[in-house]
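A.B. asks: Take a look at this one; I'll ask things after.
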There are 2 protein chains.
Amino acid sequence: MRIVVFGGDGFCGWPTSLHLSARGHDVWIVDNLVRRSIDIELEVSSLTPIASISTRLEAWADVSGRAIPHLNIDVAKEFYRVLDVFKEVQPDAVIHFAEQRAAPYSMKSERHKRYTVENNTAATHNLLCAIVESGVDVHIVHLGTMGVYGYGGGATIPEGYLPVEILSADGRRIPREILHPADPGSIYHMTKTLDQLLFYYYNKNDHVRVTDLHQGVVWGTNTEETKRDPRLINRFDYDGDYGTVLNRFLMQAAIGYPLTVHGTGGQTRAFIHIQDTARCIELALLNPPPRNSRVQIFNQMAETHRVRDLAERVATLTGASIEYLPNPRNEAPENDLIVEAKSLVELGLTPTRLERGLLEEVIDVGKRYVDRCDRRRIPCTSTWTVERERILARSS
Amino acid sequence: MRIVVFGGDGFCGWPTSLHLSARGHDVWIVDNLVRRSIDIELEVSSLTPIASISTRLEAWADVSGRAIPHLNIDVAKEFYRVLDVFKEVQPDAVIHFAEQRAAPYSMKSERHKRYTVENNTAATHNLLCAIVESGVDVHIVHLGTMGVYGYGGGATIPEGYLPVEILSADGRRIPREILHPADPGSIYHMTKTLDQLLFYYYNKNDHVRVTDLHQGVVWGTNTEETKRDPRLINRFDYDGDYGTVLNRFLMQAAIGYPLTVHGTGGQTRAFIHIQDTARCIELALLNPPPRNSRVQIFNQMAETHRVRDLAERVATLTGASIEYLPNPRNEAPENDLIVEAKSLVELGLTPTRLERGLLEEVIDVGKRYVDRCDRRRIPCTSTWTVERERILARSS
């Protein structure tokens, strides 16, 4: 399969690109390296020493004998170059990771809000528009988020579509299956709900074939492929903006920093290991939706956990202490989360469970690169509202 | 009330600005005059001879003694100037017309699709972001469209929120009131569904007070105020991109051109007179949603009609002939449309009915400015899909 990975230099994009190349697919990476620029802005670096994109690709060619061309294109701003990629590569499928992906970063300031909305919306729309304009018959696989559903509710979260009965004003009950109502909890999550409507429309009007993968919180660092050479190592974000909750706990445990739980830690979230991210995406690629069918939506996660339970688990495993801090996010202090996630398992996924790698991460990543950690970057400083900003200021 | 009208030089924005000024409100217009630039791009002019914005505002000062300042700002691109407007004017309310508003224009090409998505999304987001950033307690009134609901369904279309019962995977029925599922029929309509999610999120996270007015197809040209001086005349679009269906029929009847019905004409749409648009917006301004309540959504329309029935009515009234043409739009050939639209009536609206002004429009606008009509601009040439483009090409 000929596959273009938009955003193929990022935390999920890079291991996915190698995973697909290793399995015999022809892979192209399109990435403007903006994630590396944001590190400069935030004055932080990946805990793991990641190589430049060209060094990475040389290393991959060395160990696998396979070339992955890289094109430095801003997907949100350079539409005609994106269009040329479709015309020239004639891909069978494209993967869309080319979005700003951190909720806290999206809330830092008006500038970050606007960047996230404008970048993510234009990137998704440019890809859809280029597919139609190029006339190439391509399957687009998009990384969505469990956060499009919201975490309230009480009902089991289905895979994208919700059966309901509409109570019509004239007293009738009309059965319908609708796109699950959107309930985003940050500007970042909101952009993924906008994406859903872009996909819905282009699928309806132009029959673009789309798979939207609503992913849980990713943990872990490396995959089979990124372990094959030190130059292939994946990024590990530990800072308050880009670090994901479980990876932050593992790193905190490794360096002797208290595990930082916000609010009561009663937030329940879905989790998936980075290795499974790559596997799920290949499963989605191999199982495109039938022609002229609606957008295919899968929930991409292995298990759900309450944040404080995770902290306790890591604390028990490592002896770390736990610190409860005010929550910078505007969210329910406690929530249940019951998620349906059968589709990818039915397609062949055997999810990696937490017990399989927690300690390995602490040792192989956290302890190994402890000297690269800037402890000043650990606290979460981006707040959801002015009120939350005041609460955080008082507590620090 | 201190009111900023974003997009106050356009077809709805201009008469609304005068309507509000005439009723004693202090009005500011922010408009980058892009609608006039699009006339240049499309090589067409308003059938009515509209004056420049400064001439318009001088005329208004002459007849009313009231000043309306105009600021030329691109709302989608000049965030910091928008923010300054909020800080300096300290408005009680703002009205958001600053979006590309023609479905056919939004479908003309990839460039028009991208302009419509990027302009409309950034404009709405910049306004919301500026409200939060400025800290001004302001009510934002937005012009949505009936098109967010789609026209399929069969259920009565409620005012924004739909009561449903969710059929949970564990067998429970959970009653819920949800934002009506979005089903846009063009890129333009899609942007209004994206707006809904932006409003939803900023209302939820930041308690921004929003009224979203889902308006039907507007007809008519002038209002009490725009009739007060020839320099105040409102624009009248008759071309295939910006002309609205009933106004096109009226103009076609006036100049002896067959009334152009696309497809079977079985599309049912909601209609509202331009005078009522202005009235509805004032009613919304005077009745903001309570603090900390959800987005207030009203359906803004007077009556619904099947397009072919309208054509027959105008034909009977004027002796015009009807021509059935292939449909450039990708839509259901026939649809019912039952709409709930009580809220604005309860607030005091007495809707203008079709019988009250059809012939007046034909004579006062159509026949009067017949010499300004470029008949080459009447056909609809923007198509929704490549297939529709081929059908249109074969038929012409």
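Every chain in the structure tokens takes a letter, A first, then B, and so on in the order presented; its residues are numbered from 1, and the ligands are numbered from 1 following the presented order.
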Near Ala130 of chain B, counting only C-alpha atoms, which residues have an atom at most 7 Å away, once you skip same-chain residues fewer than 3 positions from it, shown as a list of chain:residue names?

C.D. replies: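 My reading of the contact set: B:Val82, B:Leu83, B:Asn126, B:Leu127, B:Glu133, B:Ser134.
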
A.B. asks: Any chance you could export the current selection's all heavy atoms as a PDB file, in the first residue's frame?

C.D. replies:
```
ATOM      1  N   VAL B  82      -9.629  43.445  16.344  1.00  0.00           N
ATOM      2  CA  VAL B  82     -10.949  43.053  16.861  1.00  0.00           C
ATOM      3  C   VAL B  82     -10.959  43.195  18.385  1.00  0.00           C
ATOM      4  O   VAL B  82     -11.894  43.752  18.973  1.00  0.00           O
ATOM      5  CB  VAL B  82     -11.290  41.599  16.451  1.00  0.00           C
ATOM      6  CG1 VAL B  82     -12.558  41.107  17.158  1.00  0.00           C
ATOM      7  CG2 VAL B  82     -11.443  41.492  14.929  1.00  0.00           C
ATOM      8  N   LEU B  83      -9.903  42.720  19.009  1.00  0.00           N
ATOM      9  CA  LEU B  83      -9.796  42.814  20.474  1.00  0.00           C
ATOM     10  C   LEU B  83      -9.863  44.278  20.920  1.00  0.00           C
ATOM     11  O   LEU B  83     -10.548  44.618  21.896  1.00  0.00           O
ATOM     12  CB  LEU B  83      -8.477  42.159  20.909  1.00  0.00           C
ATOM     13  CG  LEU B  83      -8.162  42.105  22.400  1.00  0.00           C
ATOM     14  CD1 LEU B  83      -9.269  41.402  23.181  1.00  0.00           C
ATOM     15  CD2 LEU B  83      -6.818  41.389  22.627  1.00  0.00           C
ATOM     16  N   ASN B 126     -12.394  34.197  16.352  1.00  0.00           N
ATOM     17  CA  ASN B 126     -11.767  35.444  16.798  1.00  0.00           C
ATOM     18  C   ASN B 126     -12.718  36.267  17.658  1.00  0.00           C
ATOM     19  O   ASN B 126     -12.303  36.862  18.659  1.00  0.00           O
ATOM     20  CB  ASN B 126     -11.305  36.275  15.596  1.00  0.00           C
ATOM     21  CG  ASN B 126      -9.972  35.789  15.046  1.00  0.00           C
ATOM     22  OD1 ASN B 126      -9.300  34.956  15.657  1.00  0.00           O
ATOM     23  ND2 ASN B 126      -9.572  36.303  13.901  1.00  0.00           N
ATOM     24  N   LEU B 127     -13.980  36.314  17.276  1.00  0.00           N
ATOM     25  CA  LEU B 127     -14.937  37.078  18.082  1.00  0.00           C
ATOM     26  C   LEU B 127     -15.074  36.467  19.479  1.00  0.00           C
ATOM     27  O   LEU B 127     -15.039  37.177  20.491  1.00  0.00           O
ATOM     28  CB  LEU B 127     -16.304  37.130  17.391  1.00  0.00           C
ATOM     29  CG  LEU B 127     -16.362  38.013  16.137  1.00  0.00           C
ATOM     30  CD1 LEU B 127     -17.757  37.983  15.536  1.00  0.00           C
ATOM     31  CD2 LEU B 127     -15.967  39.448  16.464  1.00  0.00           C
ATOM     32  N   GLU B 133     -10.942  37.267  26.039  1.00  0.00           N
ATOM     33  CA  GLU B 133      -9.684  37.975  26.309  1.00  0.00           C
ATOM     34  C   GLU B 133      -9.935  39.386  26.832  1.00  0.00           C
ATOM     35  O   GLU B 133      -9.221  39.863  27.717  1.00  0.00           O
ATOM     36  CB  GLU B 133      -8.861  38.016  25.016  1.00  0.00           C
ATOM     37  CG  GLU B 133      -7.453  38.519  25.151  1.00  0.00           C
ATOM     38  CD  GLU B 133      -6.553  37.584  25.957  1.00  0.00           C
ATOM     39  OE1 GLU B 133      -6.935  36.433  26.237  1.00  0.00           O
ATOM     40  OE2 GLU B 133      -5.459  38.054  26.324  1.00  0.00           O
ATOM     41  N   SER B 134     -10.950  40.048  26.294  1.00  0.00           N
ATOM     42  CA  SER B 134     -11.232  41.430  26.707  1.00  0.00           C
ATOM     43  C   SER B 134     -11.884  41.477  28.082  1.00  0.00           C
ATOM     44  O   SER B 134     -11.825  42.491  28.770  1.00  0.00           O
ATOM     45  CB  SER B 134     -12.160  42.111  25.699  1.00  0.00           C
ATOM     46  OG  SER B 134     -13.464  41.544  25.765  1.00  0.00           O
TER      47      SER B 134
END
```

A.B. asks: Give me, as JSON, numbers by chain, all polymer residues having an atom no more than 12 Å from segment 347-359 of chain A, counting only C-alpha atoms and skipping those fewer than 4 positions away in the same chain.

C.D. replies: {"A": [218, 219, 220, 221, 222, 223, 246, 247, 248, 249, 250, 251, 253, 254, 270, 271, 272, 273, 274, 275, 276, 277, 278, 279, 280, 281, 282, 283, 284, 285, 286, 287, 288, 298, 300, 301, 302, 303, 304, 305, 310, 311, 313, 314, 315, 316, 317, 318, 319, 341, 342, 343, 363, 364, 365, 366, 367]}

A.B. asks: Please, which residues of chain A lie no more than 8 Å from chain B when the count uses only C-alpha atoms, and can they be set out as a PyMOL selection string?

C.D. replies: chain A and resi 110+113-114+117-118+121-122+125-126+129-130+133+155-156+158+162-170+174+178-179+181-187+190+193-194+197-198+201+205-206+330+384-385

A.B. asks: For Pro230 of chain A, list every protein, DNA or RNA residue within 10 Å, evaluated using only C-alpha atoms, and leave out those in the same chain fewer than 3 positions away; present the list as a PDB file with N, CA, C and O atoms, in the first residue's frame.

C.D. replies:
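The result, written out as result.pdb:
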```pdb
ATOM      1  N   THR A  48      13.675  11.867  25.895  1.00  0.00           N
ATOM      2  CA  THR A  48      14.541  11.012  25.067  1.00  0.00           C
ATOM      3  C   THR A  48      15.236  11.885  24.023  1.00  0.00           C
ATOM      4  O   THR A  48      14.638  12.819  23.497  1.00  0.00           O
ATOM      5  N   PRO A  49      16.492  11.583  23.721  1.00  0.00           N
ATOM      6  CA  PRO A  49      17.230  12.416  22.751  1.00  0.00           C
ATOM      7  C   PRO A  49      16.851  12.042  21.320  1.00  0.00           C
ATOM      8  O   PRO A  49      17.447  11.140  20.726  1.00  0.00           O
ATOM      9  N   ILE A  50      15.865  12.723  20.763  1.00  0.00           N
ATOM     10  CA  ILE A  50      15.428  12.366  19.409  1.00  0.00           C
ATOM     11  C   ILE A  50      16.386  12.969  18.369  1.00  0.00           C
ATOM     12  O   ILE A  50      16.927  14.050  18.552  1.00  0.00           O
ATOM     13  N   ALA A  51      16.581  12.208  17.297  1.00  0.00           N
ATOM     14  CA  ALA A  51      17.459  12.653  16.211  1.00  0.00           C
ATOM     15  C   ALA A  51      16.676  13.543  15.253  1.00  0.00           C
ATOM     16  O   ALA A  51      15.451  13.563  15.265  1.00  0.00           O
ATOM     17  N   ARG A  56      17.018  10.354  11.445  1.00  0.00           N
ATOM     18  CA  ARG A  56      16.064   9.268  11.694  1.00  0.00           C
ATOM     19  C   ARG A  56      15.854   8.419  10.440  1.00  0.00           C
ATOM     20  O   ARG A  56      15.850   7.189  10.494  1.00  0.00           O
ATOM     21  N   ALA A  59      18.844   6.388   9.491  1.00  0.00           N
ATOM     22  CA  ALA A  59      18.952   5.233  10.392  1.00  0.00           C
ATOM     23  C   ALA A  59      17.972   4.140   9.966  1.00  0.00           C
ATOM     24  O   ALA A  59      18.309   2.948   9.948  1.00  0.00           O
ATOM     25  N   THR A 226      11.186   1.486  16.780  1.00  0.00           N
ATOM     26  CA  THR A 226      12.006   2.601  17.281  1.00  0.00           C
ATOM     27  C   THR A 226      13.110   2.097  18.215  1.00  0.00           C
ATOM     28  O   THR A 226      14.035   2.837  18.546  1.00  0.00           O
ATOM     29  N   LYS A 227      13.015   0.812  18.624  1.00  0.00           N
ATOM     30  CA  LYS A 227      14.073   0.229  19.462  1.00  0.00           C
ATOM     31  C   LYS A 227      15.241  -0.324  18.640  1.00  0.00           C
ATOM     32  O   LYS A 227      16.251  -0.735  19.210  1.00  0.00           O
ATOM     33  N   ILE A 233      14.841   6.512  18.204  1.00  0.00           N
ATOM     34  CA  ILE A 233      14.075   6.647  19.450  1.00  0.00           C
ATOM     35  C   ILE A 233      12.914   7.642  19.292  1.00  0.00           C
ATOM     36  O   ILE A 233      13.030   8.647  18.589  1.00  0.00           O
ATOM     37  N   ASN A 234      11.807   7.309  19.918  1.00  0.00           N
ATOM     38  CA  ASN A 234      10.621   8.179  19.845  1.00  0.00           C
ATOM     39  C   ASN A 234      10.709   9.272  20.902  1.00  0.00           C
ATOM     40  O   ASN A 234      11.415   9.134  21.896  1.00  0.00           O
TER      41      ASN A 234
END
```

A.B. asks: Pick out each residue of segment 215-323 of chain A that DSSP on the backbone tags as strand (DSSP E); I need them as a list of chain:residue names.

C.D. replies: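 Matching residues, listed in order: A:Gln215, A:Val217, A:Val218, A:Trp219, A:Leu259, A:Thr260, A:Val261, A:His262, A:Thr268, A:Arg269, A:Ala270, A:Phe271, A:Ile272, A:His273, A:Gln296, A:Ile297, A:Phe298, A:Asn299, A:Gln300, A:Glu303, A:Thr304, A:His305, A:Arg306, A:Ile322, A:Glu323.
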
A.B. asks: For the residues in the current selection, export C-alpha atoms as a PDB file, in the first residue's frame.

C.D. replies:
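As written to disk, selection.pdb reads:
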```pdb
ATOM      1  CA  GLN A 215      -8.043   7.424  20.698  1.00  0.00           C
ATOM      2  CA  VAL A 217      -4.523   8.826  26.244  1.00  0.00           C
ATOM      3  CA  VAL A 218      -1.346   7.320  24.806  1.00  0.00           C
ATOM      4  CA  TRP A 219       1.372   6.002  27.098  1.00  0.00           C
ATOM      5  CA  LEU A 259       3.307  12.185  41.191  1.00  0.00           C
ATOM      6  CA  THR A 260       1.178  15.241  40.371  1.00  0.00           C
ATOM      7  CA  VAL A 261      -2.558  14.543  40.571  1.00  0.00           C
ATOM      8  CA  HIS A 262      -4.881  17.448  39.738  1.00  0.00           C
ATOM      9  CA  THR A 268     -11.548   8.473  34.415  1.00  0.00           C
ATOM     10  CA  ARG A 269      -9.753   8.261  31.081  1.00  0.00           C
ATOM     11  CA  ALA A 270      -9.117   5.652  28.398  1.00  0.00           C
ATOM     12  CA  PHE A 271      -5.543   4.508  27.765  1.00  0.00           C
ATOM     13  CA  ILE A 272      -3.603   2.874  24.953  1.00  0.00           C
ATOM     14  CA  HIS A 273       0.063   1.977  24.511  1.00  0.00           C
ATOM     15  CA  GLN A 296     -16.162   4.597   9.937  1.00  0.00           C
ATOM     16  CA  ILE A 297     -15.508   5.382  13.597  1.00  0.00           C
ATOM     17  CA  PHE A 298     -13.545   3.168  15.994  1.00  0.00           C
ATOM     18  CA  ASN A 299     -12.704   3.736  19.640  1.00  0.00           C
ATOM     19  CA  GLN A 300      -8.984   3.118  19.982  1.00  0.00           C
ATOM     20  CA  GLU A 303      -8.588   0.041  29.212  1.00  0.00           C
ATOM     21  CA  THR A 304      -9.980   2.839  31.367  1.00  0.00           C
ATOM     22  CA  HIS A 305      -8.620   4.029  34.689  1.00  0.00           C
ATOM     23  CA  ARG A 306      -9.251   6.699  37.257  1.00  0.00           C
ATOM     24  CA  ILE A 322       1.627  11.508  45.405  1.00  0.00           C
ATOM     25  CA  GLU A 323       0.854  15.220  45.528  1.00  0.00           C
TER      26      GLU A 323
END
```

A.B. asks: Which residue out of B:Gly266, B:Gly144, B:Gly8, B:Gly240 has the minimum interatomic distance to Glu334 of chain B when only C-alpha atoms are used?

C.D. replies: B:Gly266

A.B. asks: Quick check, in Å to one decimal: how far apart do atom CA of Ser46 of chain A and atom CA of Val30 of chain A lie?

C.D. replies: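 One can read the atom CA of Ser46 of chain A to atom CA of Val30 of chain A distance as 20.6 Å.
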
A.B. asks: Name the residues in contact with Pro379 of chain A at a cut-off of 12 Å, using only C-alpha atoms, excluding same-chain residues fewer than 5 positions from it; report them as a list in words.

C.D. replies: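 Listed by chain and then number, they are Pro104, Tyr238, Asp239, Gly240, Asp241, Tyr242, Gly243, Val245, Arg248, Gln252, Tyr257, Pro258, Leu259, Thr260, Val261, His262, Glu323, Leu325, Pro326, Asn327, Pro328, Asp374, Leu392 and Ser396 of chain A.
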
A.B. asks: Show me, as a ChimeraX atom specification, the residues that have an atom within 6 Å of Val210 of chain A when counting only C-alpha atoms, minus same-chain residues fewer than 3 positions from it.

C.D. replies: /A:139-141,295
